[in-house]
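Asks: This is the content of run28.csv (CSV, C-alpha atoms and all ligand atoms):
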```csv
chain,number,residue,atom,x,y,z
A,1034,MET,CA,-1.5,0.4,18.4
A,1035,CYS,CA,1.2,0.9,15.8
A,1036,GLU,CA,0.4,-2.2,13.9
A,1037,ALA,CA,2.0,-2.4,10.5
A,1038,VAL,CA,-0.4,-1.6,7.7
A,1039,VAL,CA,2.3,-2.2,5.1
A,1040,GLN,CA,5.2,-4.6,5.3
A,1041,ILE,CA,7.4,-4.7,2.2
A,1042,THR,CA,10.4,-7.0,2.2
A,1043,ASP,CA,13.0,-7.0,-0.5
A,1044,VAL,CA,10.6,-6.1,-3.2
A,1045,HIS,CA,11.8,-6.2,-6.8
A,1046,ARG,CA,9.8,-5.3,-9.9
A,1047,ILE,CA,11.2,-6.2,-13.3
A,1048,TYR,CA,9.2,-5.1,-16.4
A,1049,ASP,CA,9.9,-7.6,-19.2
A,1050,THR,CA,9.3,-5.6,-22.4
A,1051,GLY,CA,10.6,-8.4,-24.6
A,1052,ALA,CA,13.7,-6.6,-25.9
A,1053,VAL,CA,14.9,-5.3,-22.5
A,1054,GLN,CA,14.2,-5.9,-18.9
A,1055,VAL,CA,13.7,-2.8,-16.8
A,1056,HIS,CA,14.5,-3.3,-13.1
A,1057,ALA,CA,12.1,-0.7,-11.7
A,1058,LEU,CA,12.4,-1.7,-8.0
A,1059,ARG,CA,15.6,-3.2,-6.7
A,1060,GLY,CA,15.1,-4.7,-3.2
A,1061,VAL,CA,12.9,-2.2,-1.4
A,1062,SER,CA,12.0,-2.9,2.2
A,1063,PHE,CA,10.1,-0.9,4.7
A,1064,ASP,CA,7.1,-1.0,7.1
A,1065,ILE,CA,4.4,1.6,7.4
A,1066,HIS,CA,2.5,1.7,10.7
A,1067,SER,CA,-1.1,2.6,11.4
A,1068,GLY,CA,-1.3,6.4,11.8
A,1069,GLU,CA,1.8,7.4,9.8
A,1070,MET,CA,1.8,10.0,7.0
A,1071,VAL,CA,4.6,9.1,4.6
A,1072,ALA,CA,5.9,10.9,1.5
A,1073,ILE,CA,7.5,9.0,-1.3
A,1074,MET,CA,9.9,11.2,-3.3
A,1075,GLY,CA,12.4,10.7,-6.1
A,1076,PRO,CA,13.2,11.9,-9.6
A,1077,SER,CA,11.2,10.8,-12.6
A,1078,GLY,CA,11.8,7.2,-13.4
A,1079,SER,CA,13.0,6.3,-9.9
A,1080,GLY,CA,10.2,3.8,-9.4
A,1081,LYS,CA,7.6,5.9,-7.4
A,1082,SER,CA,4.6,4.9,-9.5
A,1083,THR,CA,5.7,1.3,-9.6
A,1084,LEU,CA,6.0,1.3,-5.8
A,1085,MET,CA,2.6,3.0,-5.5
A,1086,HIS,CA,1.0,0.4,-7.9
A,1087,THR,CA,2.5,-2.3,-5.7
A,1088,LEU,CA,1.2,-0.8,-2.5
A,1089,GLY,CA,-2.2,-0.4,-4.2
A,1090,CYS,CA,-2.3,-4.1,-5.2
A,1091,LEU,CA,-2.6,-3.0,-8.8
A,1092,ASP,CA,0.6,-4.8,-9.6
A,1093,ARG,CA,2.5,-7.7,-8.0
A,1094,PRO,CA,6.2,-7.8,-7.1
A,1095,THR,CA,8.5,-9.9,-9.3
A,1096,HIS,CA,10.3,-11.0,-6.1
A,1097,GLY,CA,9.9,-10.2,-2.5
A,1098,ARG,CA,7.0,-10.0,-0.1
A,1099,TYR,CA,4.2,-7.6,0.4
A,1100,LEU,CA,1.8,-7.9,3.4
A,1101,LEU,CA,-1.2,-5.5,3.4
A,1102,ALA,CA,-2.8,-5.3,6.8
A,1103,GLY,CA,-1.1,-8.6,7.5
A,1104,GLU,CA,-2.4,-10.3,4.4
A,1105,ASP,CA,0.1,-11.7,1.9
A,1106,ILE,CA,-0.8,-10.6,-1.5
A,1107,ALA,CA,1.2,-13.2,-3.3
A,1108,ASP,CA,-0.8,-15.8,-5.2
A,1109,ARG,CA,-4.0,-13.8,-5.0
A,1110,SER,CA,-6.2,-13.8,-8.1
A,1111,ASP,CA,-7.1,-10.5,-9.7
A,1112,ASP,CA,-10.6,-10.7,-8.2
A,1113,GLU,CA,-9.1,-11.2,-4.7
A,1114,LEU,CA,-6.8,-8.3,-5.2
A,1115,ALA,CA,-9.8,-6.2,-6.2
A,1116,ARG,CA,-11.5,-7.2,-3.0
A,1117,LEU,CA,-8.4,-6.3,-1.0
A,1118,ARG,CA,-8.3,-2.9,-2.7
A,1119,ASN,CA,-11.9,-2.2,-2.0
A,1120,ARG,CA,-11.7,-3.3,1.6
A,1121,TYR,CA,-8.4,-1.6,2.7
A,1122,LEU,CA,-7.4,1.1,0.2
A,1123,GLY,CA,-8.4,4.5,-0.8
A,1124,PHE,CA,-6.9,6.1,-4.0
A,1125,VAL,CA,-6.4,9.7,-5.0
A,1126,PHE,CA,-4.8,10.6,-8.3
A,1127,GLN,CA,-3.2,13.6,-9.9
A,1128,GLU,CA,-5.9,13.7,-12.6
A,1129,PHE,CA,-8.8,13.3,-10.1
A,1130,ASN,CA,-10.3,10.4,-12.2
A,1131,LEU,CA,-13.9,11.5,-11.6
A,1132,LEU,CA,-16.6,10.4,-14.0
A,1133,PRO,CA,-17.6,13.6,-15.9
A,1134,SER,CA,-21.2,12.5,-16.5
A,1135,MET,CA,-21.9,11.9,-12.9
A,1136,THR,CA,-22.6,14.2,-10.0
A,1137,ALA,CA,-20.2,14.5,-7.1
A,1138,LEU,CA,-22.5,12.4,-5.0
A,1139,ASP,CA,-22.8,9.6,-7.6
A,1140,ASN,CA,-19.0,9.6,-8.0
A,1141,VAL,CA,-18.6,9.1,-4.3
A,1142,ILE,CA,-21.3,6.4,-4.2
A,1143,LEU,CA,-19.5,4.4,-6.9
A,1144,PRO,CA,-17.0,2.4,-4.8
A,1145,LEU,CA,-19.8,1.6,-2.4
A,1146,THR,CA,-21.7,-0.2,-5.1
A,1147,TYR,CA,-19.4,-3.2,-4.5
A,1148,ARG,CA,-20.5,-3.3,-0.8
A,1149,PRO,CA,-23.4,-5.3,0.5
A,1150,MET,CA,-25.3,-2.2,1.7
A,1151,ALA,CA,-28.8,-0.9,1.1
A,1152,GLN,CA,-28.8,1.8,-1.6
A,1153,ALA,CA,-30.1,4.4,1.0
A,1154,ARG,CA,-27.2,3.6,3.3
A,1155,ARG,CA,-24.7,4.0,0.4
A,1156,ARG,CA,-26.1,7.4,-0.3
A,1157,GLU,CA,-26.0,8.4,3.3
A,1158,ARG,CA,-22.4,7.3,3.6
A,1159,ALA,CA,-21.4,9.2,0.5
A,1160,GLU,CA,-23.2,12.4,1.8
A,1161,GLN,CA,-21.2,12.1,5.0
A,1162,ALA,CA,-18.0,11.8,3.1
A,1163,LEU,CA,-18.8,14.9,1.0
A,1164,GLU,CA,-19.7,16.8,4.2
A,1165,GLN,CA,-16.4,15.7,5.7
A,1166,VAL,CA,-14.4,17.3,2.9
A,1167,GLY,CA,-16.6,20.5,3.1
A,1168,LEU,CA,-18.6,19.9,-0.1
A,1169,ALA,CA,-22.1,19.4,1.4
A,1170,ASP,CA,-23.4,22.2,-0.9
A,1171,ARG,CA,-21.8,20.8,-4.1
A,1172,MET,CA,-23.1,17.3,-4.0
A,1173,HIS,CA,-25.3,17.6,-7.1
A,1174,HIS,CA,-22.7,19.4,-9.2
A,1175,ARG,CA,-20.8,17.6,-12.0
A,1176,PRO,CA,-17.0,17.7,-12.1
A,1177,ASN,CA,-16.9,20.5,-14.8
A,1178,GLN,CA,-18.9,22.7,-12.4
A,1179,LEU,CA,-16.2,22.4,-9.8
A,1180,SER,CA,-12.7,24.0,-9.3
A,1181,GLY,CA,-9.6,21.8,-9.3
A,1182,GLY,CA,-9.4,21.9,-5.5
A,1183,GLN,CA,-13.1,20.9,-5.2
A,1184,LYS,CA,-12.7,18.1,-7.7
A,1185,GLN,CA,-9.8,16.7,-5.7
A,1186,ARG,CA,-12.0,17.0,-2.5
A,1187,VAL,CA,-14.6,14.9,-4.3
A,1188,ALA,CA,-11.9,12.4,-5.1
A,1189,VAL,CA,-10.8,12.3,-1.5
A,1190,ALA,CA,-14.4,11.9,-0.3
A,1191,ARG,CA,-14.7,9.0,-2.8
A,1192,SER,CA,-11.6,7.4,-1.3
A,1193,LEU,CA,-12.9,7.9,2.3
A,1194,ALA,CA,-16.4,6.5,1.6
A,1195,THR,CA,-15.2,2.9,2.1
A,1196,ASP,CA,-13.4,3.7,5.3
A,1197,PRO,CA,-10.0,2.6,4.1
A,1198,SER,CA,-7.1,1.5,6.3
A,1199,LEU,CA,-4.6,3.2,4.0
A,1200,LEU,CA,-5.0,6.3,1.7
A,1201,LEU,CA,-2.7,6.3,-1.3
A,1202,ALA,CA,-2.3,9.6,-3.1
A,1203,ASP,CA,-0.2,9.8,-6.3
A,1204,GLU,CA,0.9,13.4,-6.9
A,1205,PRO,CA,-2.5,14.6,-5.5
A,1206,THR,CA,-1.5,18.3,-5.7
A,1207,GLY,CA,0.0,18.1,-9.2
A,1208,ASN,CA,-2.9,19.8,-10.8
A,1209,LEU,CA,-3.7,22.3,-8.1
A,1210,ASP,CA,-2.8,25.9,-7.6
A,1211,SER,CA,-0.8,26.8,-4.5
A,1212,GLU,CA,-3.9,27.7,-2.4
A,1213,ALA,CA,-5.8,24.6,-3.3
A,1214,GLN,CA,-2.6,22.6,-2.6
A,1215,GLU,CA,-2.3,24.1,0.9
A,1216,ASP,CA,-6.0,23.4,1.5
A,1217,LEU,CA,-5.7,19.8,0.4
A,1218,MET,CA,-2.6,19.2,2.5
A,1219,ARG,CA,-4.2,20.8,5.6
A,1220,PHE,CA,-7.2,18.5,5.1
A,1221,LEU,CA,-5.0,15.4,4.7
A,1222,THR,CA,-2.9,16.3,7.7
A,1223,GLY,CA,-6.1,16.7,9.7
A,1224,LEU,CA,-7.3,13.3,8.5
A,1225,ASN,CA,-4.0,11.8,9.5
A,1226,ALA,CA,-4.2,13.5,13.0
A,1227,ASP,CA,-7.6,11.7,13.3
A,1228,GLY,CA,-5.8,8.4,12.7
A,1229,MET,CA,-5.8,7.8,8.9
A,1230,THR,CA,-2.6,6.2,7.5
A,1231,VAL,CA,-1.6,8.2,4.4
A,1232,VAL,CA,1.1,7.7,1.7
A,1233,ILE,CA,1.7,10.5,-0.8
A,1234,VAL,CA,3.9,10.4,-3.9
A,1235,THR,CA,5.1,14.0,-4.5
A,1236,HIS,CA,7.8,16.0,-6.3
A,1237,GLU,CA,7.3,18.9,-3.9
A,1238,GLU,CA,9.3,19.4,-0.7
A,1239,ASP,CA,6.4,21.6,0.5
A,1240,VAL,CA,4.0,18.7,0.3
A,1241,ALA,CA,6.5,16.3,1.8
A,1242,GLY,CA,7.0,18.7,4.6
A,1243,HIS,CA,3.5,18.0,5.8
A,1244,CYS,CA,4.4,14.4,6.3
A,1245,GLY,CA,6.1,12.8,9.2
A,1246,ARG,CA,8.4,10.7,7.2
A,1247,ILE,CA,10.0,10.8,3.7
A,1248,ILE,CA,11.1,7.7,1.7
A,1249,ARG,CA,13.4,8.6,-1.2
A,1250,LEU,CA,13.9,6.5,-4.2
A,1251,LEU,CA,16.7,6.6,-6.8
A,1252,ASP,CA,17.0,4.2,-9.7
A,1253,GLY,CA,14.6,1.7,-8.0
A,1254,GLU,CA,16.5,1.7,-4.7
A,1255,MET,CA,15.5,3.3,-1.4
A,1256,VAL,CA,18.2,5.8,-0.7
A,1257,ALA,CA,16.7,7.5,2.4
A,1258,ASP,CA,14.0,6.9,5.0
A,1259,GLU,CA,14.0,9.8,7.3
A,1260,PRO,CA,11.7,11.9,9.5
A,1261,ALA,CA,10.5,14.9,7.5
A,1262,GLY,CA,11.4,17.2,10.4
A,1263,GLU,CA,15.1,16.5,9.9
A,1264,VAL,CA,14.9,17.6,6.3
A,1265,ALA,CA,13.2,20.8,7.3
A,1266,ASN,CA,15.9,21.5,9.9
A,1267,ARG,CA,18.8,20.7,7.6
B,1301,LIG,P1,8.4,7.2,-11.5
B,1301,LIG,O1,7.0,7.1,-11.1
B,1301,LIG,O2,9.3,7.5,-10.3
B,1301,LIG,O3,8.7,8.2,-12.6
B,1301,LIG,P2,8.1,4.6,-12.6
B,1301,LIG,O4,7.8,3.6,-11.5
B,1301,LIG,O5,7.0,5.0,-13.5
B,1301,LIG,O6,8.9,5.8,-12.0
B,1301,LIG,O7,9.2,3.9,-13.6
B,1301,LIG,C1,10.4,3.3,-13.1
B,1301,LIG,C2,11.1,2.6,-14.3
B,1301,LIG,O8,10.3,1.6,-14.8
B,1301,LIG,C3,11.3,3.6,-15.4
B,1301,LIG,O9,12.6,3.3,-16.0
B,1301,LIG,C4,10.2,3.3,-16.4
B,1301,LIG,O10,10.5,3.6,-17.7
B,1301,LIG,C5,10.0,1.8,-16.2
B,1301,LIG,N1,8.6,1.4,-16.4
B,1301,LIG,C6,7.5,1.8,-15.7
B,1301,LIG,N2,6.4,1.2,-16.1
B,1301,LIG,C7,6.8,0.3,-17.1
B,1301,LIG,C8,6.1,-0.6,-17.9
B,1301,LIG,N3,4.8,-0.8,-17.8
B,1301,LIG,N4,6.9,-1.3,-18.8
B,1301,LIG,C9,8.2,-1.1,-18.9
B,1301,LIG,N5,8.9,-0.3,-18.2
B,1301,LIG,C10,8.2,0.5,-17.3
B,1302,MG,MG,5.3,8.3,-11.8
```
Can the structure from this file be put into structure tokens for me?
Ligand code: ADP
Ligand code: MG
Replies:
Amino acid sequence: MCEAVVQITDVHRIYDTGAVQVHALRGVSFDIHSGEMVAIMGPSGSGKSTLMHTLGCLDRPTHGRYLLAGEDIADRSDDELARLRNRYLGFVFQEFNLLPSMTALDNVILPLTYRPMAQARRRERAEQALEQVGLADRMHHRPNQLSGGQKQRVAVARSLATDPSLLLADEPTGNLDSEAQEDLMRFLTGLNADGMTVVIVTHEEDVAGHCGRIIRLLDGEMVADEPAGEVANR
């Protein structure tokens, strides 16, 4: 119980653009334990996406250590990082990132094609994930036949299909109206109540208010790490 899914220690990320070096993360350290729901907040340019890319093994720290589910990601090849991502992580993006030519079902099957599973089993698992997000009756629709909220639910189903240990969502409500935003947050909160570990980058205090904990970044540094309740009561 309460094992650390994420252990970040003194992580720096310096982008070397040739002319200038951008120090996007400056010694960030924190752990995230199994079953937490954490918001990452901060103004534009504060390093949120860089931190998310690091957590998502899409990028490596310039200095410092990152353990994902106890596994040190340093010195892993790109292929090994891809395997870690597929094994442990689910991703949800602001822009949904669904393939427009594919049905909801085929979009959700996609991450399972890297798994050693029979095709019929992949389909069954994808159908379960779509049922879980309340879209059993929309499986054969394409993204352009779905509302924003439904598209984001397909994206969540796609992220859940592989049974991730950690769900990473970068501004997941950024393209949703307020009703769809509330729906999505209620769903993610329920998922978390059932044990899923969730990290959400957001600009919106409303969204962060659904989380148990808020990490705040400013100019690449972590300036606060606090229970969300304290913010609400302030
Ligand atoms: P946020 O998501 O909070 O807006 P980012 O992590 O995208 O912040 O960016 C943090 C800093 O790093 C910014 O100064 C940004 O311009 C810079 N940065 C981000 N990505 C790159 C990159 N690929 N190359 C150079 N600088 C970058
Ligand atoms: Mg960003």
Asks: Counting all atoms listed in the file, what are the residues, protein, DNA or RNA alike, that approach ligand MG 1302 (chain B) to within 12 Å? I want them as a PyMOL selection string.
Replies: chain A and resi 1057+1073-1086+1126-1127+1202-1205+1207+1233-1236+1250
Asks: Please identify all polymer residues within 7 Å of region 1134-1140 of chain A, counting only C-alpha atoms, omitting same-chain residues fewer than 4 positions from it, and present them as a list in words.
Replies: Ala1159, Glu1160, Met1172, His1173, His1174, Arg1175, Pro1176, Val1187 and Arg1191 of chain A
Asks: Calculated over all atoms listed in the file, which of the candidates A:Arg1249, A:Asn1177, A:Leu1145, A:Val1044 has the smallest distance to ligand LIG 1301 (chain B)?
Replies: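 Among A:Arg1249, A:Asn1177, A:Leu1145, A:Val1044, it is A:Arg1249 that comes nearest to ligand LIG 1301 (chain B).
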Asks: Can you tell me how far CA of Asp1196 (chain A) sits from CA of Arg1246 (chain A), in Å to one decimal?
Replies: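 Between CA of Asp1196 (chain A) and CA of Arg1246 (chain A) the gap is 23.0 Å.
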Asks: Would you please work out which residue, of A:Asp1043, A:Glu1036, A:Asp1049, A:Glu1157, is nearest to Val1061 (chain A) when using all atoms listed in the file?
Replies: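 Checking each candidate against Val1061 (chain A), we get A:Asp1043 as the closest.
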Asks: Contacts of Leu1224 (chain A) at 10 Å or less, counting only C-alpha atoms, minus same-chain residues fewer than 3 places along, as a CSV table (one decimal) with C-alpha atoms, keeping the file's coordinate frame?
Replies:
```csv
chain,number,residue,atom,x,y,z
A,1068,GLY,CA,-1.3,6.4,11.8
A,1070,MET,CA,1.8,10.0,7.0
A,1165,GLN,CA,-16.4,15.7,5.7
A,1166,VAL,CA,-14.4,17.3,2.9
A,1193,LEU,CA,-12.9,7.9,2.3
A,1218,MET,CA,-2.6,19.2,2.5
A,1219,ARG,CA,-4.2,20.8,5.6
A,1220,PHE,CA,-7.2,18.5,5.1
A,1221,LEU,CA,-5.0,15.4,4.7
A,1227,ASP,CA,-7.6,11.7,13.3
A,1228,GLY,CA,-5.8,8.4,12.7
A,1229,MET,CA,-5.8,7.8,8.9
A,1230,THR,CA,-2.6,6.2,7.5
A,1231,VAL,CA,-1.6,8.2,4.4
```
